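Undergrad: Structure below; questions to follow.
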Amino acid sequence: MSDSGMVNLTIEGRAVSVEPGTSVLEAAKTVGVLIPHYCYHPGLPVAGSCRMCLVDVEKAPKLAPACATAVAEGQVIRVHTEKARTARKGVLEMLLINHPLDCPICDRSGECELQDFTYQEGPAESRYRDPKRFNPVEDFGGDVVYVPNRCILCTRCVRFMDDVAHDPVLNVEERGDRAHIGKFEGKDLTHPWAANVIDLCPVGALVSKDFLNKARVWELDRAASVCTGCSQGCNLVVETRDNVVMRLKPRPNPEVNEFFICDHGRLNYRWMNRRDRLESPAIRGAGGYEAVDWDVATAGAARILKGKRVFVLASPNLSNEALWLLSRLIRKSGGAGAFRMPNGSEAPLPGVVDLALRADRAANGAGAELLGMTRSESPLGGLQAGDALLIVDHDLAPEDVAFAGRASAVVVAGTAMPAGLERADVLLPMCNVVEEDGTFTNLRGRVQRFLQAKAPSGLARPSWYVLSGLCTALGDSAEYFSASAVFDALATEHTEFAGMSYGVLGLRGRRIASQADAEVRA
Amino acid sequence: MSHGPSASAGAIIRSGHHDDAPYEPVFVGEAKVRLDELVKRYPRKVGALLPALWMVQEARGWVSEAGMAEVAAQLDVTPAYVKGVVTFYTMYNQHPVGKYLIQVCTTTPCHVCGAEDVVRAFLDQTGCGELGVTSEDGRYTVIEVECLGACGFATPVMVNSDFLESVSADRVADVLGRYR
Amino acid sequence: MGYPYKPHASETLVLSTHFGDPEARTLKGWKDRGGYRALETALGMDPAAIIGVIKESGLRGRGGAGFPTGLKWSFMKPDDGKPHYLCCNADESEPGTFKDREIMRWTPHALIEGCAIGAYAIGAETCYIYIRGEFTEPLQRMEDALAEARAAGIVGRNAMGTGKTINVWVHKGAGAYICGEETALMNSIEGKRGNPRIKPPFPAVAGVFGMPTTINNVETLTAVPHILNQGGAWYKNFARSDNPKSTGTKLWSVCGNIARPGNYEMVMGFPFGEFLRDICGGALPGRELRAIIPGGSSVPIINMEEADRALMDYEGMAAVGTMLGSAGCIVIDNAQSIPRQVARLARFYAHESCAQCTQCREGTAWTTKILERIVAGNGTAEDLDTLLDVADDMTGKTICVLSDSCAVPVVSALQRFRGDFEALITKKTVHTVPVVVS
Ligand SMILES: Cc1cc2nc3c(=O)[nH]c(=O)nc-3n(C[C@H](O)[C@H](O)[C@H](O)COP(=O)(O)O)c2cc1C
Ligand code: SF4
Ligand code: SF4
Ligand code: FES
Ligand code: FES
C-alpha cells in the first residue's frame, strides 16, 4: 500500500488507485472498464456465484471472480485475455442452454444484461441439442411476476429481500438444474419495497405486472427526476413514450436512496398522465370560463390580486422555484401561505440507512416551510374575509371549499381544477412535475433537481414561468426566463441555498447549508 | 412447481396429494422440550433447523408446508427460508410416501453391480411400476438415490430407516416379505 | 479389514483392528482395548505439543484433499477471544467411499476420542460430528457411544475431570453430497442450504457460525489417538522410504466389479496392482478388470496398465495421472459400458450440484444429457468435442470443486477409453461380454 493509504494496481493496462478492500470489479469501474457480471450488485452482499466476472490476475493460476476479489498492491488484472474471455463465454453459453430465448416477448429485452453481455462476448450459436427445462410462470404477489425459464439464478432478488428488505420471503428451492426461485404459499412480495427485485433482476425473470407488455424499452424516452411520493426524495428516471409516462425507475443516489424506490413511489405516476387537465388560461365571465391568451389571463389575475392581501394555498409538491416566487408575492401583499401535508404510514427499507417511505406523502414540505409556507391540517383556517385566494395546485378538502367561500376572489394556478371548487375568477394552467424543470428540498434538506420528461399538456406553462409572470404583472422588477435563473435568484436571497446553482446541484443534489453545518457540528 | 426435463428426475417423489390439513403441531409436550434441548447445542437458534425438520418427518413421515411453517415459527425464521432448506436436502419428503419408502442406490459403484435390476425388481414386485409413485395399496414408494456410502455392499437399500446391505434382484422378494 | 472378511496378511491394522468386534463398540470394551488413554495424555499436554506430534507424524487429511493435519490445526490462533469449533466430516458421500461408516459402526469411541483430542488441540469447546442422514446405523452407534461418554464424564463440561469443556454433538445431514465440502457442511450445521462458501475467508478465520473452525474427516481424527499413543515417528514409519510425504495407514474402500469388495487398511505406498489382484481377489470369475477410479468418483479414471504400476499413496497416484482422494476405489470390468458408467456419474453430480455456480448447475446437467444421449445411441461426432469443451468450462472456475469433479471422469474416460464412446456413436459395440445391467 502506498503512503496515501490507497491500493495501486493495473487493470487492462490502466493505473488504478482505490481504497483497500475495494473489489476488482468496482476498481475497474473507476477507470471505465465494465467487467461483465450477474450476481454482483453494489447494493447487495457479494455472492460470487454466477462466475461471470472471471478475470485474469497476473501470476495466479486460476481466473478470479472480480466481484469477490479484493484489490492488492501491484496487482495486474486483465479482463480480455483469451482465457478469461473463453471462461465468460462458457458461462454465457451455459446460461443460455435452458433459456427460452423469448426476447421478442420479454419485457426486459433491450435492457437485459444477458442480452448485453451475450452480444458483447457470448457465443454466436449454442451447441445445446437437448430439451430445455421449463417451469410455469408464477405470481409472486405485489407488482411482481416470476418467469422461471428466464431466471439465471443470480439470487439478487433473494439477497435483496433477505439482506436489504429484511423480509426473507424469497428463497432458492431445489438444487442442481432443478433449482428455481420460490416463495412460500400465502407469503407474497408484499413488502413496501419489494418491487425493487424487478430492477435488480438482470434478466426478464421478474417483471412488473404494471408494465407487463406495455412498451418496448427502446421506445422509451428518459429523464432524471425526483419522486413526489413522499418527503424522502428518491431519485427517479421517468420513462415516457409519446408523451405518456410509462413507468418510473429508481436512479441511484448513494446519499438518498442507494439504488431503490418504494412500490408506492414506483406506481405513483398515473396522475402524471391525467387527461382532465387545465388546458388553457381562462377568465370567468358572464357565460362561464372563457379561454384567453396567457397575457390576458396573467394581467387578469394580477388585476384581481392587486391591492389585496393574498392568501396562497400552495401544494407541497411545488418546486422550490415556484414556492419562492409565491413567497415574494405573499410578502409584497402582506398575505400568508399554507399547505396541508398528505399522510400515510412510514415504511423503512431497513438495509439502507435513513431510507423510508415517509409519512409525509409529498416531495417538498421542507422546501415549502423553508420558504415561508405554514404546514397545517386546516390550511385555509388563516384565510381572512376579503383576502384574495391563490390556489396553486393544491387539492381541496370539503372544509377547504367552505373556507374558500370567504375569499373575495379566487385565482387557480395548477394542473387541474381542484375538485369541489365552485368557481374561480382566473385559471392559469401549469405543468405537472414531469413537464417542467425545478428542484425539491427533501426531509434532510437535500436540494435535488428534476428535469422535464414530457411536453406540457395544452397551453400549460411551467409553474415558475406562470408565477414569475404573475409577480412581474404585480410590479416585481425581475423577470425570469428559465427555472435555473429563478433558482439562482432564490439562492442569492436565502442563505440556506447559498452557493447553489443547477450546475452545482448536478443530478445528485446538495444539502442546504444550515442542516449540513448543523450535522458537522453534531 | 413442476419440472421439465432435468437430469436425475428418478429421485423425485411424485404425488398429487399435497395438503396436510388439519395440521396438528409437532412441537408440543415432550417434542417441544426435546427441540429446546437441541437448540442449546448451537449458538444460533436456526442451527437446530435440520434436527427440527427431522423431528417433523419422524412424526409425520413427510414435511408438509404446514410443518415447515411450524418449524419456522419455532426457530424464528420465515417459512420461505425453511422451504428453501427443505428442498435442498433430498431426504426430507416433500410429499407423503408409502408406508415403506424404499430407497435404492444406483450410483456407479452399485450400478456396475446390477443396481438397476434391483430397482426394476422393486418396482415390479411392489406394484409401484414407476419411480416416485406410491403403490395403490399405499404401502410402497420406490425411489432411486445417490451413493449411500456403502458401495462395498452393493446394492444397499434403505427401507424407511432400515439400512439393508447387498440386496440383489433375487433377494427383493425376501426383503418385501419383511415389510408388508 | 476384518469386516466382512478376515484381514489379509498384507494389511496393517491400526484403525481397523477392531472392525467386526461388537464389544469394541461399548465404552467398557473400548477402554479394555486401550481406549481413552490418548485423550488422558492429550489433556495433560500443551495443545501446541499435540499439534507438534501430529505434524511430526505426517498425517494428512483423509477426506480427499490430503492437507497436512498438524498444519491445519496450527492455523487456529490460540487466545483470540473467540469460540473455536471442530467439525468432524462424517458425510461420506463420495461414490466409492465407505470407510468412515465402518469406523463409526465398529469403533465409535475411537472417533469420539479423536474428536476430543482435536477439539482440545485447537482450543474448541464444541465439536459437531456431521453424519449423513442415510447412515442410520452409524448415527445410532455414535449417539449411543456419545451417551456413554457423556455419562462417564469423558466429554462434556468437565472432560475427564480436567475442568475443560469439550462438547461433542452429532448433527444429522439430510441427503446432500455437497455437504461433505467443508464450507457447505458448516452452512448445513448453521441450518442453511448446503451451499459452499467463497474463500477467503478460510474456515480457520471464519468457519461455522462465523467463528474459527477446523474440519477433519472421520478417518483423520480416528488416527489421532493412535499417533498420540505410539508417537509421531511410529506413524511416520508407515511410508515408502523414498516418499516421506505420505505416511501412516490408509483405509481403502474397494467396490464395484471386484471379487472381494470391502475396506482394507494398507500402509502408504503399497503396490496398487498387487493390492487389487491379490488382496482384493482380482476380477470376478470370467471377467477382466478394465478401469479403476482409485480415489472416489471425483478422481480421474485410469486403465489397468496405469493401475498396475501405481503406488498407493498421494504421490504414487498422482504419478499415474489420478489422485488418492478419499481412497474409495471403484473397479470397473470388461462387462461394463464405460460411457454408460460415466453418464451415471455425471448424473450423480447433476443431482448433487448445489446450483450456485452457473457452470456447475448447468454444466453437470448438460454433460449428463449429452452422455445419456450418446449411451442411448443418439450421439453425434461433435458431442465428444462439446463434452470436452463443457468439461473445460467446468474446471477451475467455480466456488468448489464439485463442478471439476463432474468433468474429471468425462475427460479422463475420453482420454483413455475414447473408442468406447466413438463406437456408440458409430453404433459399433466394444463389449467382449454382454452388458449385465439392463
Ligand atoms: C464436493 C466435495 C465433497 C466432499 N465430501 C467429503 C466427504 O464426504 N467427507 C470428507 O471427509 N471430506 C469431503 N470433502 C473434503 C472436505 O471438503 C474437506 O477437505 C475434508 O473434510 C477435510 O478433512 P481432512 O483434512 O481431514 O481430510 C469433500 C470435498 C468436496 C469438494
Ligand atoms: S429472478 Fe432475476 S434476480 Fe432473481 S435469481 Fe432469477 S435472474 Fe436473479
Ligand atoms: S461448484 Fe457446484 S457444488 Fe460447488 S459451489 Fe458451485 S454450484 Fe455449488
Ligand atoms: S458477478 Fe462475480 S461471480 Fe457473479
Ligand atoms: S454407490 Fe451405491 S452405496 Fe455408494
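Each chain in the C-alpha cells gets a letter, A, B and so on, in the order shown; residues start at 1 in every chain, and ligands are counted from 1 in the order they appear.
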If the cut-off is 9 Å, can you tell me the residues of chain B near chain C, counting only C-alpha atoms? I'd like them as a PyMOL selection string.
TA: chain B and resi 6-9+11+41-51+54+81-82+84-92+106-117+146-154+158+161-163
Undergrad: Export, as a compact mmCIF listing (two decimals), in the first residue's frame, the selected residues with N, CA and C atoms.
TA:
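Generated file (again-v4.txt):
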```
# COMPACT_ATOMS: atom_id res chain seq x y z
N SER B 6 -35.05 -32.69 -16.77
CA SER B 6 -33.93 -32.28 -15.96
C SER B 6 -33.18 -33.53 -15.61
N ALA B 7 -31.90 -33.39 -15.39
CA ALA B 7 -31.10 -34.55 -15.04
C ALA B 7 -31.62 -35.11 -13.72
N SER B 8 -31.60 -36.39 -13.59
CA SER B 8 -31.91 -37.12 -12.37
C SER B 8 -33.27 -36.83 -11.78
N ALA B 9 -34.29 -37.16 -12.54
CA ALA B 9 -35.64 -37.00 -12.03
C ALA B 9 -36.07 -38.22 -11.23
N ALA B 11 -35.16 -39.37 -8.59
CA ALA B 11 -35.16 -39.23 -7.14
C ALA B 11 -36.32 -38.39 -6.66
N ARG B 41 -27.63 -26.66 21.62
CA ARG B 41 -26.36 -27.14 21.08
C ARG B 41 -25.71 -26.16 20.11
N TYR B 42 -26.48 -25.18 19.69
CA TYR B 42 -26.00 -24.27 18.66
C TYR B 42 -26.02 -22.84 19.18
N PRO B 43 -25.01 -22.05 18.80
CA PRO B 43 -25.01 -20.65 19.25
C PRO B 43 -26.15 -19.85 18.64
N ARG B 44 -26.70 -20.32 17.54
CA ARG B 44 -27.86 -19.65 16.96
C ARG B 44 -29.00 -20.64 16.84
N LYS B 45 -30.17 -20.15 17.13
CA LYS B 45 -31.35 -20.99 17.16
C LYS B 45 -31.54 -21.81 15.88
N VAL B 46 -31.31 -21.13 14.75
CA VAL B 46 -31.61 -21.76 13.47
C VAL B 46 -30.67 -22.94 13.19
N GLY B 47 -29.60 -23.07 13.96
CA GLY B 47 -28.74 -24.26 13.86
C GLY B 47 -29.56 -25.54 14.02
N ALA B 48 -30.62 -25.43 14.80
CA ALA B 48 -31.44 -26.63 15.06
C ALA B 48 -32.45 -26.88 13.94
N LEU B 49 -32.28 -26.22 12.81
CA LEU B 49 -33.28 -26.38 11.74
C LEU B 49 -33.32 -27.80 11.18
N LEU B 50 -32.15 -28.35 10.85
CA LEU B 50 -32.18 -29.70 10.30
C LEU B 50 -32.74 -30.71 11.30
N PRO B 51 -32.26 -30.67 12.55
CA PRO B 51 -32.86 -31.58 13.54
C PRO B 51 -34.37 -31.38 13.69
N TRP B 54 -36.13 -33.01 10.94
CA TRP B 54 -36.12 -34.46 11.14
C TRP B 54 -37.22 -34.86 12.10
N TYR B 81 -37.79 -19.39 4.03
CA TYR B 81 -36.43 -19.81 4.33
C TYR B 81 -36.39 -21.32 4.58
N VAL B 82 -37.33 -21.77 5.40
CA VAL B 82 -37.37 -23.20 5.72
C VAL B 82 -37.59 -24.02 4.46
N GLY B 84 -36.75 -23.29 1.43
CA GLY B 84 -35.51 -23.31 0.66
C GLY B 84 -34.58 -24.41 1.18
N VAL B 85 -34.54 -24.56 2.49
CA VAL B 85 -33.67 -25.57 3.10
C VAL B 85 -34.24 -26.97 2.85
N VAL B 86 -35.53 -27.13 3.10
CA VAL B 86 -36.15 -28.46 2.93
C VAL B 86 -35.92 -28.99 1.52
N THR B 87 -36.09 -28.12 0.54
CA THR B 87 -36.00 -28.59 -0.84
C THR B 87 -34.55 -28.83 -1.27
N PHE B 88 -33.61 -28.35 -0.47
CA PHE B 88 -32.20 -28.60 -0.79
C PHE B 88 -31.83 -30.04 -0.45
N TYR B 89 -32.38 -30.52 0.64
CA TYR B 89 -31.97 -31.82 1.16
C TYR B 89 -32.95 -32.89 0.71
N THR B 90 -32.42 -33.88 -0.01
CA THR B 90 -33.34 -34.84 -0.65
C THR B 90 -34.02 -35.78 0.33
N MET B 91 -33.51 -35.89 1.54
CA MET B 91 -34.13 -36.86 2.44
C MET B 91 -35.43 -36.36 3.07
N TYR B 92 -35.66 -35.05 3.02
CA TYR B 92 -36.93 -34.58 3.54
C TYR B 92 -37.99 -34.82 2.47
N THR B 106 -28.28 -46.28 -6.90
CA THR B 106 -27.97 -46.68 -8.28
C THR B 106 -26.74 -45.96 -8.83
N THR B 107 -25.96 -45.36 -7.94
CA THR B 107 -24.76 -44.66 -8.41
C THR B 107 -23.74 -45.69 -8.92
N THR B 108 -22.82 -45.21 -9.71
CA THR B 108 -21.89 -46.08 -10.45
C THR B 108 -21.40 -47.35 -9.72
N PRO B 109 -20.82 -47.25 -8.53
CA PRO B 109 -20.33 -48.48 -7.91
C PRO B 109 -21.43 -49.54 -7.75
N CYS B 110 -22.64 -49.09 -7.45
CA CYS B 110 -23.74 -50.04 -7.35
C CYS B 110 -24.27 -50.39 -8.72
N HIS B 111 -24.26 -49.40 -9.58
CA HIS B 111 -24.75 -49.58 -10.96
C HIS B 111 -23.98 -50.71 -11.64
N VAL B 112 -22.67 -50.73 -11.48
CA VAL B 112 -21.87 -51.78 -12.14
C VAL B 112 -22.13 -53.14 -11.51
N CYS B 113 -22.76 -53.14 -10.34
CA CYS B 113 -23.07 -54.41 -9.69
C CYS B 113 -24.52 -54.80 -9.90
N GLY B 114 -25.21 -54.09 -10.77
CA GLY B 114 -26.57 -54.51 -11.12
C GLY B 114 -27.69 -53.81 -10.36
N ALA B 115 -27.43 -52.61 -9.87
CA ALA B 115 -28.44 -51.90 -9.08
C ALA B 115 -29.73 -51.65 -9.87
N GLU B 116 -29.59 -51.47 -11.17
CA GLU B 116 -30.80 -51.19 -11.96
C GLU B 116 -31.76 -52.37 -11.93
N ASP B 117 -31.19 -53.58 -11.89
CA ASP B 117 -32.05 -54.76 -11.81
C ASP B 117 -32.78 -54.80 -10.47
N GLU B 146 -28.78 -41.50 -4.66
CA GLU B 146 -27.37 -41.50 -4.99
C GLU B 146 -26.60 -42.20 -3.87
N CYS B 147 -25.36 -42.48 -4.15
CA CYS B 147 -24.48 -43.29 -3.30
C CYS B 147 -24.84 -43.22 -1.81
N LEU B 148 -25.10 -44.38 -1.22
CA LEU B 148 -25.49 -44.45 0.18
C LEU B 148 -24.29 -44.65 1.09
N GLY B 149 -23.11 -44.60 0.52
CA GLY B 149 -21.91 -44.72 1.36
C GLY B 149 -21.68 -46.14 1.85
N ALA B 150 -22.14 -47.10 1.07
CA ALA B 150 -21.92 -48.50 1.45
C ALA B 150 -21.65 -49.30 0.18
N CYS B 151 -20.87 -48.71 -0.70
CA CYS B 151 -20.68 -49.24 -2.05
C CYS B 151 -20.11 -50.65 -2.05
N GLY B 152 -19.38 -51.02 -1.01
CA GLY B 152 -18.82 -52.36 -0.95
C GLY B 152 -19.90 -53.40 -0.69
N PHE B 153 -21.08 -52.93 -0.35
CA PHE B 153 -22.18 -53.84 -0.05
C PHE B 153 -23.31 -53.63 -1.05
N ALA B 154 -22.88 -53.61 -2.32
CA ALA B 154 -23.87 -53.33 -3.36
C ALA B 154 -24.88 -54.47 -3.40
N MET B 158 -32.40 -48.71 1.45
CA MET B 158 -33.00 -48.25 2.70
C MET B 158 -34.50 -48.46 2.63
N SER B 161 -36.03 -46.38 7.88
CA SER B 161 -34.69 -46.13 8.41
C SER B 161 -33.84 -47.39 8.47
N ASP B 162 -34.37 -48.51 7.99
CA ASP B 162 -33.55 -49.74 7.97
C ASP B 162 -32.58 -49.68 6.80
N PHE B 163 -31.36 -50.02 7.07
CA PHE B 163 -30.32 -49.96 6.04
C PHE B 163 -29.93 -51.40 5.68
```
Undergrad: Select, as number ranges by chain, those residues of chain A with any atom no more than 12 Å from chain B (distances computed using only C-alpha atoms).
TA: A: 98, 130-138, 148-149, 158-159, 161-162, 166-189
Undergrad: Give me, please, the distance in Å between CA of Gly110 (chain A) and CA of Pro123 (chain A), quoted to one decimal.
TA: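 The value is 18.4 Å.
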Undergrad: Could you report the residues within 10 Å of ligand 4, using only C-alpha atoms and all ligand atoms, as a ChimeraX atom specification?
TA: /A:23-25,35-41,46-55,64-69,154-156 /C:198,356-358,397-399
Undergrad: Looking only at the backbone, which of the residues in region 245-437 of chain C does DSSP tag as helix (DSSP H, G or I), as number ranges by chain?
TA: C: 272-279, 304-308, 314-319, 338-352, 358-375, 381-393, 402-425
Undergrad: Between C:Gly295, C:Pro7, C:Pro201, C:Gly52, which residue has the minimum interatomic distance to chain A, considering only C-alpha atoms?
TA: C:Pro201
Undergrad: Counting only C-alpha atoms and all ligand atoms, name the residues that have an atom within 8 Å of an atom of ligand 1; the answer should be given as a count of residues only.
TA: 37
Undergrad: Which chains and residue numbers are within 7 Å of ligand 2, counting only C-alpha atoms and all ligand atoms, if I want them as a VMD selection string?
TA: chain A and resid 146 148 150 to 158 181 197 200 to 206
Undergrad: With only C-alpha atoms as the basis for distance, which of A:Ala70, A:Cys227, A:Leu325, A:Ala297 is at the shortest distance from chain C?
TA: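 Closest to chain C of all the choices is A:Ala70.
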Undergrad: Which neighbours of region 460-470 of chain A fall inside 6 Å, counting only C-alpha atoms, when residues of the same chain fewer than 4 positions from it are skipped, and could you give them as a list in words?
TA: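 The contact residues come out as Thr298, Glu321, Ala322, Pro429, Met430, Cys431, Glu436 and Pro456 of chain A.
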Undergrad: Please, could you write that set of residues out with all heavy atoms as a PDB file, in the first residue's frame?
TA:
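Contents of the output file result-v2.pdb:
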```
ATOM      1  N   THR A 298     -52.850  36.425 -17.288  1.00  0.00           N
ATOM      2  CA  THR A 298     -51.928  36.880 -16.249  1.00  0.00           C
ATOM      3  C   THR A 298     -52.305  38.275 -15.776  1.00  0.00           C
ATOM      4  O   THR A 298     -52.370  38.550 -14.570  1.00  0.00           O
ATOM      5  CB  THR A 298     -50.479  36.874 -16.777  1.00  0.00           C
ATOM      6  OG1 THR A 298     -50.203  35.595 -17.327  1.00  0.00           O
ATOM      7  CG2 THR A 298     -49.497  37.178 -15.675  1.00  0.00           C
ATOM      8  N   GLU A 321     -38.622  26.651  -6.707  1.00  0.00           N
ATOM      9  CA  GLU A 321     -38.692  27.844  -7.541  1.00  0.00           C
ATOM     10  C   GLU A 321     -40.083  28.458  -7.462  1.00  0.00           C
ATOM     11  O   GLU A 321     -40.240  29.674  -7.243  1.00  0.00           O
ATOM     12  CB  GLU A 321     -38.351  27.484  -9.001  1.00  0.00           C
ATOM     13  CG  GLU A 321     -36.901  27.108  -9.247  1.00  0.00           C
ATOM     14  CD  GLU A 321     -36.530  25.707  -8.749  1.00  0.00           C
ATOM     15  OE1 GLU A 321     -37.386  24.993  -8.169  1.00  0.00           O
ATOM     16  OE2 GLU A 321     -35.357  25.317  -8.919  1.00  0.00           O
ATOM     17  N   ALA A 322     -41.107  27.618  -7.642  1.00  0.00           N
ATOM     18  CA  ALA A 322     -42.477  28.122  -7.592  1.00  0.00           C
ATOM     19  C   ALA A 322     -42.789  28.673  -6.207  1.00  0.00           C
ATOM     20  O   ALA A 322     -43.389  29.749  -6.057  1.00  0.00           O
ATOM     21  CB  ALA A 322     -43.448  27.006  -7.967  1.00  0.00           C
ATOM     22  N   PRO A 429     -53.184  27.489 -16.253  1.00  0.00           N
ATOM     23  CA  PRO A 429     -52.763  26.083 -16.352  1.00  0.00           C
ATOM     24  C   PRO A 429     -51.252  25.931 -16.192  1.00  0.00           C
ATOM     25  O   PRO A 429     -50.489  26.637 -16.839  1.00  0.00           O
ATOM     26  CB  PRO A 429     -53.223  25.672 -17.751  1.00  0.00           C
ATOM     27  CG  PRO A 429     -53.291  26.933 -18.530  1.00  0.00           C
ATOM     28  CD  PRO A 429     -53.627  28.039 -17.571  1.00  0.00           C
ATOM     29  N   MET A 430     -50.885  25.010 -15.327  1.00  0.00           N
ATOM     30  CA  MET A 430     -49.458  24.803 -15.074  1.00  0.00           C
ATOM     31  C   MET A 430     -49.045  23.391 -15.480  1.00  0.00           C
ATOM     32  O   MET A 430     -49.842  22.474 -15.531  1.00  0.00           O
ATOM     33  CB  MET A 430     -49.155  24.988 -13.578  1.00  0.00           C
ATOM     34  CG  MET A 430     -49.066  26.436 -13.188  1.00  0.00           C
ATOM     35  SD  MET A 430     -48.633  26.776 -11.447  1.00  0.00           S
ATOM     36  CE  MET A 430     -48.460  25.236 -10.674  1.00  0.00           C
ATOM     37  N   CYS A 431     -47.750  23.280 -15.717  1.00  0.00           N
ATOM     38  CA  CYS A 431     -47.170  21.967 -15.992  1.00  0.00           C
ATOM     39  C   CYS A 431     -47.175  21.136 -14.712  1.00  0.00           C
ATOM     40  O   CYS A 431     -47.084  21.686 -13.606  1.00  0.00           O
ATOM     41  CB  CYS A 431     -45.714  22.123 -16.424  1.00  0.00           C
ATOM     42  SG  CYS A 431     -45.547  22.891 -18.036  1.00  0.00           S
ATOM     43  N   GLU A 436     -41.859  19.945 -16.314  1.00  0.00           N
ATOM     44  CA  GLU A 436     -41.074  21.157 -16.099  1.00  0.00           C
ATOM     45  C   GLU A 436     -39.779  20.830 -15.376  1.00  0.00           C
ATOM     46  O   GLU A 436     -39.576  19.714 -14.918  1.00  0.00           O
ATOM     47  CB  GLU A 436     -41.881  22.166 -15.286  1.00  0.00           C
ATOM     48  CG  GLU A 436     -42.208  21.676 -13.874  1.00  0.00           C
ATOM     49  CD  GLU A 436     -42.953  22.707 -13.052  1.00  0.00           C
ATOM     50  OE1 GLU A 436     -43.654  23.541 -13.640  1.00  0.00           O
ATOM     51  OE2 GLU A 436     -42.821  22.675 -11.820  1.00  0.00           O
ATOM     52  N   PRO A 456     -45.655  19.713 -22.117  1.00  0.00           N
ATOM     53  CA  PRO A 456     -46.786  20.154 -21.300  1.00  0.00           C
ATOM     54  C   PRO A 456     -48.101  19.787 -21.969  1.00  0.00           C
ATOM     55  O   PRO A 456     -48.184  19.587 -23.174  1.00  0.00           O
ATOM     56  CB  PRO A 456     -46.622  21.671 -21.245  1.00  0.00           C
ATOM     57  CG  PRO A 456     -45.245  21.955 -21.699  1.00  0.00           C
ATOM     58  CD  PRO A 456     -44.832  20.834 -22.571  1.00  0.00           C
TER      59      PRO A 456
END
```
Undergrad: Measuring atom to atom with only C-alpha atoms, identify which of C:Lys250, C:Lys164, C:Arg277, C:Lys427 is nearest to Leu324 (chain C).
TA: C:Lys250
Undergrad: Skipping near chain neighbours, those fewer than 2 positions away, what residues fall within 10 Å of Ser280 (chain A) using only C-alpha atoms, listed as a ChimeraX atom specification?
TA: /A:277-278,282-283,290-294,297,427-430,457-461
Undergrad: Taking only C-alpha atoms and all ligand atoms into account, name the residue in B:Val39, B:Ala173, B:Val133, B:Cys105 that is nearest to ligand 5.
TA: B:Cys105
Undergrad: Calculate how many Å separate CA of Pro300 (chain C) from CA of Asp278 (chain C), rounding to one decimal.
TA: 23.1 Å
